[in-house]
Structures are given as structure tokens and as C-alpha cells.
Amino acid sequence: MAAKKVMAYGKFRYRSRYRDVDSRSWKCKTFDTKDEAEDFEASLRLAKSGRVFVRKQSTQTLRQFWHEYLHEYALLDLQAATVEGHKQAWSKWIEPSLGMVPLATLASSPELVQRLKQVMVVSGAGEPTQRRVLAVLSAVLTKAVQLNRIANNPVRVIRKPPATRKHDVRAISPEAVEALLGKCKTIADRRLVALTAYAGLRPAESLALTKEDVAERTISVSKSLKLDGVGSTKTGGRRIVPIPDALRPYLADLPDGLLFPDQSGKHWSRAKHHNWRVKSWQPAAQAAGLGMITRTQDGKRSYTGARPYDLRHCAASTMLASGVDPVRVAQIMGHSPAVLFSTYAHVIAEVCEPVEGDGCTMAAQAASEGQSAQ
């Protein structure tokens, strides 16, 4: 029984051949590293003698394991936008501080992770950045624990900054939406704004729609535009969204195929979406009184004001104000009732009548309790 270097799954691995204790037949098992193969063989030998096997500490550094994690797990299991965020957190914060630290040392030294957090604070990184970087490091080390490279994840004992809402809820009124639609230059711009404001679709969901997704009274939402193409919705499910009367004029004479194709007839790229926000959305929002375009002292263009995503709040607030059950509103919007109660607590509290046992009253109570807890 000796580890042998072989080619498997497109790379060199180490194969151990051993005799199964129960069946007495010969079996094979492959490992990524020679240390793992030798550890496995040592555990079998010690098991026969009734002794306990103690694994050798891995000499693999965090940088070495990061590349393994990225190419063999992250790129296969995570969405492209998530992987891009992982890469940014790694290159800017994690690698300079911890890249050369052995995994075994890191696992037994939570103070090294605390030092990384202190570096971010001193460098002026905000709490969302600190939370994101620690989450990325925790994901990498959790995978190391699952692969038996280390015994524990040291990030778990580090206090993370509390999660806070990045943007305040800004419910654009129907009157403001009408003003915005009047300032849009093209039919496609007006259709995209109307789908988000009246049906509550996420902009990325609207950009993935085809003519076949739009029926006479409903819209089937099962896709979303991603960084690397089209994938599932944010929650991974499919939902049926009713078409309100205000939206119907903007769904007339739909083009075949994609509702929002680029010049080549394909889905929008990331650059196309950025250009639309700068050249179409921001001027229209400023003209409608929902935003402001300014120039900084060095001549750079700056925009402050409503985002396309804010239009979703108009749809949710309008449905709540018209008496639609909050649970039904959550289904239409594509998230859980708990998220709805948290996000629209002020709207629910104002529009719901205090009828005992009523679903709207329970929603208002949940919203009030959520605000008190915060």
C-alpha cells in the first residue's frame, strides 16, 4: 500500500490502493495531495492495530488553497457576480494580509483575522466592506474545513459589523412615475420603467423577458440577467405576476424574442446596462425631479437620486395601499413576507386597518416589532 502519482480529472493526483476490511477486495481512492494520501494510508494501518490516528498539520498556505477553492469550487458553484466580488475582496484585503499564512496557523490563530479587520478599519473601509471581506474569508475557510484541511474556521469567533440597509426605501409615487415615463426617450425605455414600477419586476428580470413570457393577464418570471448571461431569479424560483391596467399600454406590439435586445439581438451586456443608466435613466430622472447630475471640482460627472431598482417600491407600496394582502404582495414581488414586513414597515403600518385577526393587522404588528428590535 503506497501512494502512486496518477493523472485523474485533468490533473495529477495521488492514488492509494488498499484492501477493504469487510469484503477483503482491493479498492482505490485518489487524493489531491500526497500528504492526504499518506495520511489515509496511515489511518488504515493504525486502525488495524487499534491506535488513534492524528493528522499531520497541512503546510498549504491560504494563497495556495484560495486558487484551489476558486477554480475547483467557486467558479462551478457560484454566480459570476459573486465570484467577481470574492476576487475583489481577496486581492485588495485578504491576500496582502493573510495570503502567505499556512492554513494550520490561521486555524489556530483567530487574532490574525482580527488583525485583518483592524487593517480595514484603519484604512477607512466601511462596515459593509468589512462584513463582505470577512464573509468571503469565512466561505474559503469553511471549504477548507469541509475538505479536512483544517479543524475549525477562525472567522466564526470574530465579531462582524451588523448588517444595515444599504439604501433607504424610496417609494416613488405613481405621479412621479408618470412624469418619469414622459421624459423617457424610447419605447423600450418606457417599457422597462413601467415593468419595474407597475409590475414590481427587478430590472434584471425585466431584461431577461421574452415575448413568450407575457400572457394576456400575467407575466411569467423565471429568469434574470446575470454578469455571465441569463440565470435563475434571485430566489431561484418562478412566479406569476399579474399585469395591472397601468402597465398594459406599454406591453402592446411587443417584439418577437427578447423584449430588450441589444443591437445584435442578444441580452444586454454589463457595459450596455451601465450606459443605459448613464445616458437614459439619469437624464430622465433629473428631468422628472427624481435625481440630479452634477460635476465635481475635477470635472467628473456625478449622479445622486433615484435608482431604477427604486421603482419596485412604487409597485409594492401601491399594492399595499390598495388593500392587497401583504403575503400576496410578497409573492408578486418575489421575496418572503418577512422581507416585505421589514422593508415596507412604515407603509404597512399606515395603510392597514386595525382589524383583530386580520392578515394586514398581523403584518403591521410584525413590522412594528421589527422596527422595535432594530
# chains A, B, ... in the order shown; residues from 1 in each chain; ligands from 1

call {"tool": "closest_atom_pairs", "arguments": {"of": "region 216-302 of chain A", "to": "region 316-338 of chain A", "cutoff": "12 Å", "atoms": "only C-alpha atoms", "output": "tab-separated table"}}
result
residue	atom	partner	partner_atom	distance
A:Thr218	CA	A:Ile332	CA	10.8
A:Ile219	CA	A:Ile332	CA	10.4
A:Ser220	CA	A:Ile332	CA	10.7
A:Val221	CA	A:Gly334	CA	9.2
A:Ser222	CA	A:Gly334	CA	10.3
A:Lys223	CA	A:Gly334	CA	11.9
A:Thr233	CA	A:Gly334	CA	8.6
A:Lys234	CA	A:Gly334	CA	8.1
A:Thr235	CA	A:His335	CA	7.1
A:Gly236	CA	A:Gly334	CA	9.7
A:Gly237	CA	A:Gly334	CA	8.4
A:Arg238	CA	A:Gly334	CA	8.6
A:Arg239	CA	A:Ile332	CA	7.1
A:Ile240	CA	A:Ile332	CA	7.1
A:Val241	CA	A:Ile332	CA	5.5
A:Pro242	CA	A:Ile332	CA	7.9
A:Ile243	CA	A:Ile332	CA	10.6
A:Pro244	CA	A:Met319	CA	10.1
A:Ala246	CA	A:Thr318	CA	11.7

call {"tool": "write_last_selection", "arguments": {"atoms": "C-alpha atoms", "output": "PDB file, in the first residue's frame"}}
result
ATOM      1  CA  THR A 218     -49.941  37.678 -16.390  1.00  0.00           C
ATOM      2  CA  ILE A 219     -46.156  37.646 -16.771  1.00  0.00           C
ATOM      3  CA  SER A 220     -44.109  34.523 -16.075  1.00  0.00           C
ATOM      4  CA  VAL A 221     -40.903  35.481 -14.258  1.00  0.00           C
ATOM      5  CA  SER A 222     -38.341  32.668 -14.146  1.00  0.00           C
ATOM      6  CA  LYS A 223     -35.121  34.250 -15.448  1.00  0.00           C
ATOM      7  CA  THR A 233     -34.215  34.692 -10.399  1.00  0.00           C
ATOM      8  CA  LYS A 234     -32.767  35.982  -7.139  1.00  0.00           C
ATOM      9  CA  THR A 235     -34.741  33.430  -5.124  1.00  0.00           C
ATOM     10  CA  GLY A 236     -34.233  30.677  -7.684  1.00  0.00           C
ATOM     11  CA  GLY A 237     -37.960  30.183  -8.262  1.00  0.00           C
ATOM     12  CA  ARG A 238     -40.667  31.022 -10.786  1.00  0.00           C
ATOM     13  CA  ARG A 239     -43.563  33.341 -10.081  1.00  0.00           C
ATOM     14  CA  ILE A 240     -46.614  34.595 -11.955  1.00  0.00           C
ATOM     15  CA  VAL A 241     -47.104  38.364 -11.823  1.00  0.00           C
ATOM     16  CA  PRO A 242     -50.480  39.929 -12.717  1.00  0.00           C
ATOM     17  CA  ILE A 243     -50.454  42.711 -15.297  1.00  0.00           C
ATOM     18  CA  PRO A 244     -52.023  45.875 -13.818  1.00  0.00           C
ATOM     19  CA  ALA A 246     -51.407  50.903 -15.915  1.00  0.00           C
TER      20      ALA A 246
END

call {"tool": "closest_residue", "arguments": {"among": "A:Ala80, A:Leu116, A:Val278, A:Ala315", "to": "Tyr198 (chain A)", "atoms": "only C-alpha atoms"}}
result
A:Ala315

call {"tool": "closest_residue", "arguments": {"among": "A:Leu181, A:Leu112, A:Val140, A:Val214", "to": "Lys87 (chain A)", "atoms": "only C-alpha atoms"}}
result
A:Val140

call {"tool": "residues_around", "arguments": {"residues": "region 203-210 of chain A", "least_positions_apart": "3", "cutoff": "8 Å", "atoms": "only C-alpha atoms", "output": "MDAnalysis selection string"}}
result
chainID A and resid 192 195:196 213:214 221:226 230 233 256:260 267:268 308:309

call {"tool": "closest_residue", "arguments": {"among": "A:Ala252, A:Leu98, A:Arg63, A:Trp26", "to": "Ala215 (chain A)", "atoms": "only C-alpha atoms"}}
result
A:Ala252

call {"tool": "residues_around", "arguments": {"residues": "Cys28 (chain A)", "least_positions_apart": "2", "cutoff": "10 Å", "atoms": "only C-alpha atoms", "output": "number ranges by chain"}}
result
A: 15-20, 26, 30

call {"tool": "write_last_selection", "arguments": {"atoms": "C-alpha atoms", "output": "PDB file, in the first residue's frame"}}
result
ATOM      1  CA  ARG A  15      -3.943   7.138  -5.704  1.00  0.00           C
ATOM      2  CA  SER A  16      -3.898   4.778  -2.780  1.00  0.00           C
ATOM      3  CA  ARG A  17      -4.690   1.088  -3.305  1.00  0.00           C
ATOM      4  CA  TYR A  18      -5.843  -0.826  -0.239  1.00  0.00           C
ATOM      5  CA  ARG A  19      -7.713  -3.961   0.829  1.00  0.00           C
ATOM      6  CA  ASP A  20     -11.190  -3.409   2.237  1.00  0.00           C
ATOM      7  CA  TRP A  26      -8.883  -4.376  -3.349  1.00  0.00           C
ATOM      8  CA  THR A  30      -7.493   9.280  -5.067  1.00  0.00           C
TER       9      THR A  30
END

call {"tool": "closest_residue", "arguments": {"among": "A:Leu78, A:Val193, A:Glu72, A:His274", "to": "Lys11 (chain A)", "atoms": "only C-alpha atoms"}}
result
A:Glu72

call {"tool": "atom_distance", "arguments": {"atom1": "CA of Met7 (chain A)", "atom2": "CA of Trp66 (chain A)"}}
result
22.1 Å

call {"tool": "select_by_dssp", "arguments": {"residues": "region 264-361 of chain A", "states": "alpha helix (DSSP H)", "output": "VMD selection string"}}
result
chain A and resid 270 to 276 282 to 287 311 to 321 326 to 333 337 to 343 345 to 351 359 to 361

call {"tool": "decode", "arguments": {"residues": "region 145-224 of chain A", "atoms": "C-alpha atoms", "output": "short mmCIF file (atom, residue, chain, number, x, y, z; two decimals), in the first residue's frame"}}
result
data_model
loop_
_atom_site.label_atom_id
_atom_site.label_comp_id
_atom_site.auth_asym_id
_atom_site.auth_seq_id
_atom_site.Cartn_x
_atom_site.Cartn_y
_atom_site.Cartn_z
CA VAL A 145 -12.84 22.58 7.00
CA GLN A 146 -15.13 20.51 4.75
CA LEU A 147 -12.09 19.14 2.93
CA ASN A 148 -10.44 18.27 6.26
CA ARG A 149 -7.53 20.66 5.67
CA ILE A 150 -8.15 22.41 8.99
CA ALA A 151 -10.21 21.53 12.06
CA ASN A 152 -12.11 24.80 12.53
CA ASN A 153 -12.94 28.14 10.92
CA PRO A 154 -11.33 31.01 12.93
CA VAL A 155 -13.57 33.65 11.33
CA ARG A 156 -16.55 32.32 13.30
CA VAL A 157 -15.26 33.78 16.57
CA ILE A 158 -14.69 37.26 15.11
CA ARG A 159 -17.42 39.84 15.65
CA LYS A 160 -18.77 41.12 12.34
CA PRO A 161 -20.27 44.59 11.83
CA PRO A 162 -24.08 44.43 11.95
CA ALA A 163 -25.90 44.30 8.64
CA THR A 164 -27.69 47.52 7.75
CA ARG A 165 -29.77 48.51 4.75
CA LYS A 166 -27.51 49.99 2.08
CA HIS A 167 -30.21 52.24 0.63
CA ASP A 168 -33.25 53.68 2.35
CA VAL A 169 -36.56 52.63 0.84
CA ARG A 170 -37.68 55.34 -1.55
CA ALA A 171 -41.20 54.66 -2.74
CA ILE A 172 -41.63 56.72 -5.92
CA SER A 173 -45.23 57.86 -6.25
CA PRO A 174 -47.37 56.90 -9.28
CA GLU A 175 -47.45 60.58 -10.26
CA ALA A 176 -43.66 60.71 -10.28
CA VAL A 177 -43.55 57.51 -12.34
CA GLU A 178 -45.85 59.09 -14.92
CA ALA A 179 -43.58 62.13 -15.05
CA LEU A 180 -40.56 59.86 -15.47
CA LEU A 181 -42.23 57.91 -18.29
CA GLY A 182 -42.90 61.20 -20.06
CA LYS A 183 -39.19 62.00 -20.01
CA CYS A 184 -38.04 58.63 -21.40
CA LYS A 185 -36.82 58.90 -24.98
CA THR A 186 -37.70 55.47 -26.42
CA ILE A 187 -40.48 52.91 -26.22
CA ALA A 188 -38.04 50.38 -24.78
CA ASP A 189 -37.05 52.81 -22.01
CA ARG A 190 -40.68 53.40 -21.10
CA ARG A 191 -41.42 49.66 -21.17
CA LEU A 192 -38.50 48.89 -18.84
CA VAL A 193 -39.55 51.63 -16.40
CA ALA A 194 -43.20 50.53 -16.47
CA LEU A 195 -42.41 46.84 -15.86
CA THR A 196 -40.43 47.73 -12.74
CA ALA A 197 -42.77 50.42 -11.42
CA TYR A 198 -46.13 48.79 -12.12
CA ALA A 199 -45.42 45.03 -12.03
CA GLY A 200 -42.60 45.14 -9.44
CA LEU A 201 -40.11 43.18 -11.52
CA ARG A 202 -36.43 43.57 -10.73
CA PRO A 203 -34.67 45.39 -13.61
CA ALA A 204 -32.55 42.29 -14.29
CA GLU A 205 -35.73 40.18 -14.50
CA SER A 206 -37.29 42.59 -16.99
CA LEU A 207 -34.16 42.49 -19.17
CA ALA A 208 -34.41 38.69 -19.40
CA LEU A 209 -38.07 38.64 -20.53
CA THR A 210 -39.17 37.34 -23.91
CA LYS A 211 -42.49 37.79 -25.70
CA GLU A 212 -43.44 34.22 -24.73
CA ASP A 213 -43.23 35.18 -21.04
CA VAL A 214 -46.02 37.76 -21.40
CA ALA A 215 -49.57 36.37 -21.48
CA GLU A 216 -52.84 38.28 -21.70
CA ARG A 217 -53.19 38.88 -17.97
CA THR A 218 -49.94 37.68 -16.39
CA ILE A 219 -46.16 37.65 -16.77
CA SER A 220 -44.11 34.52 -16.07
CA VAL A 221 -40.90 35.48 -14.26
CA SER A 222 -38.34 32.67 -14.15
CA LYS A 223 -35.12 34.25 -15.45
CA SER A 224 -32.78 37.08 -14.54
#
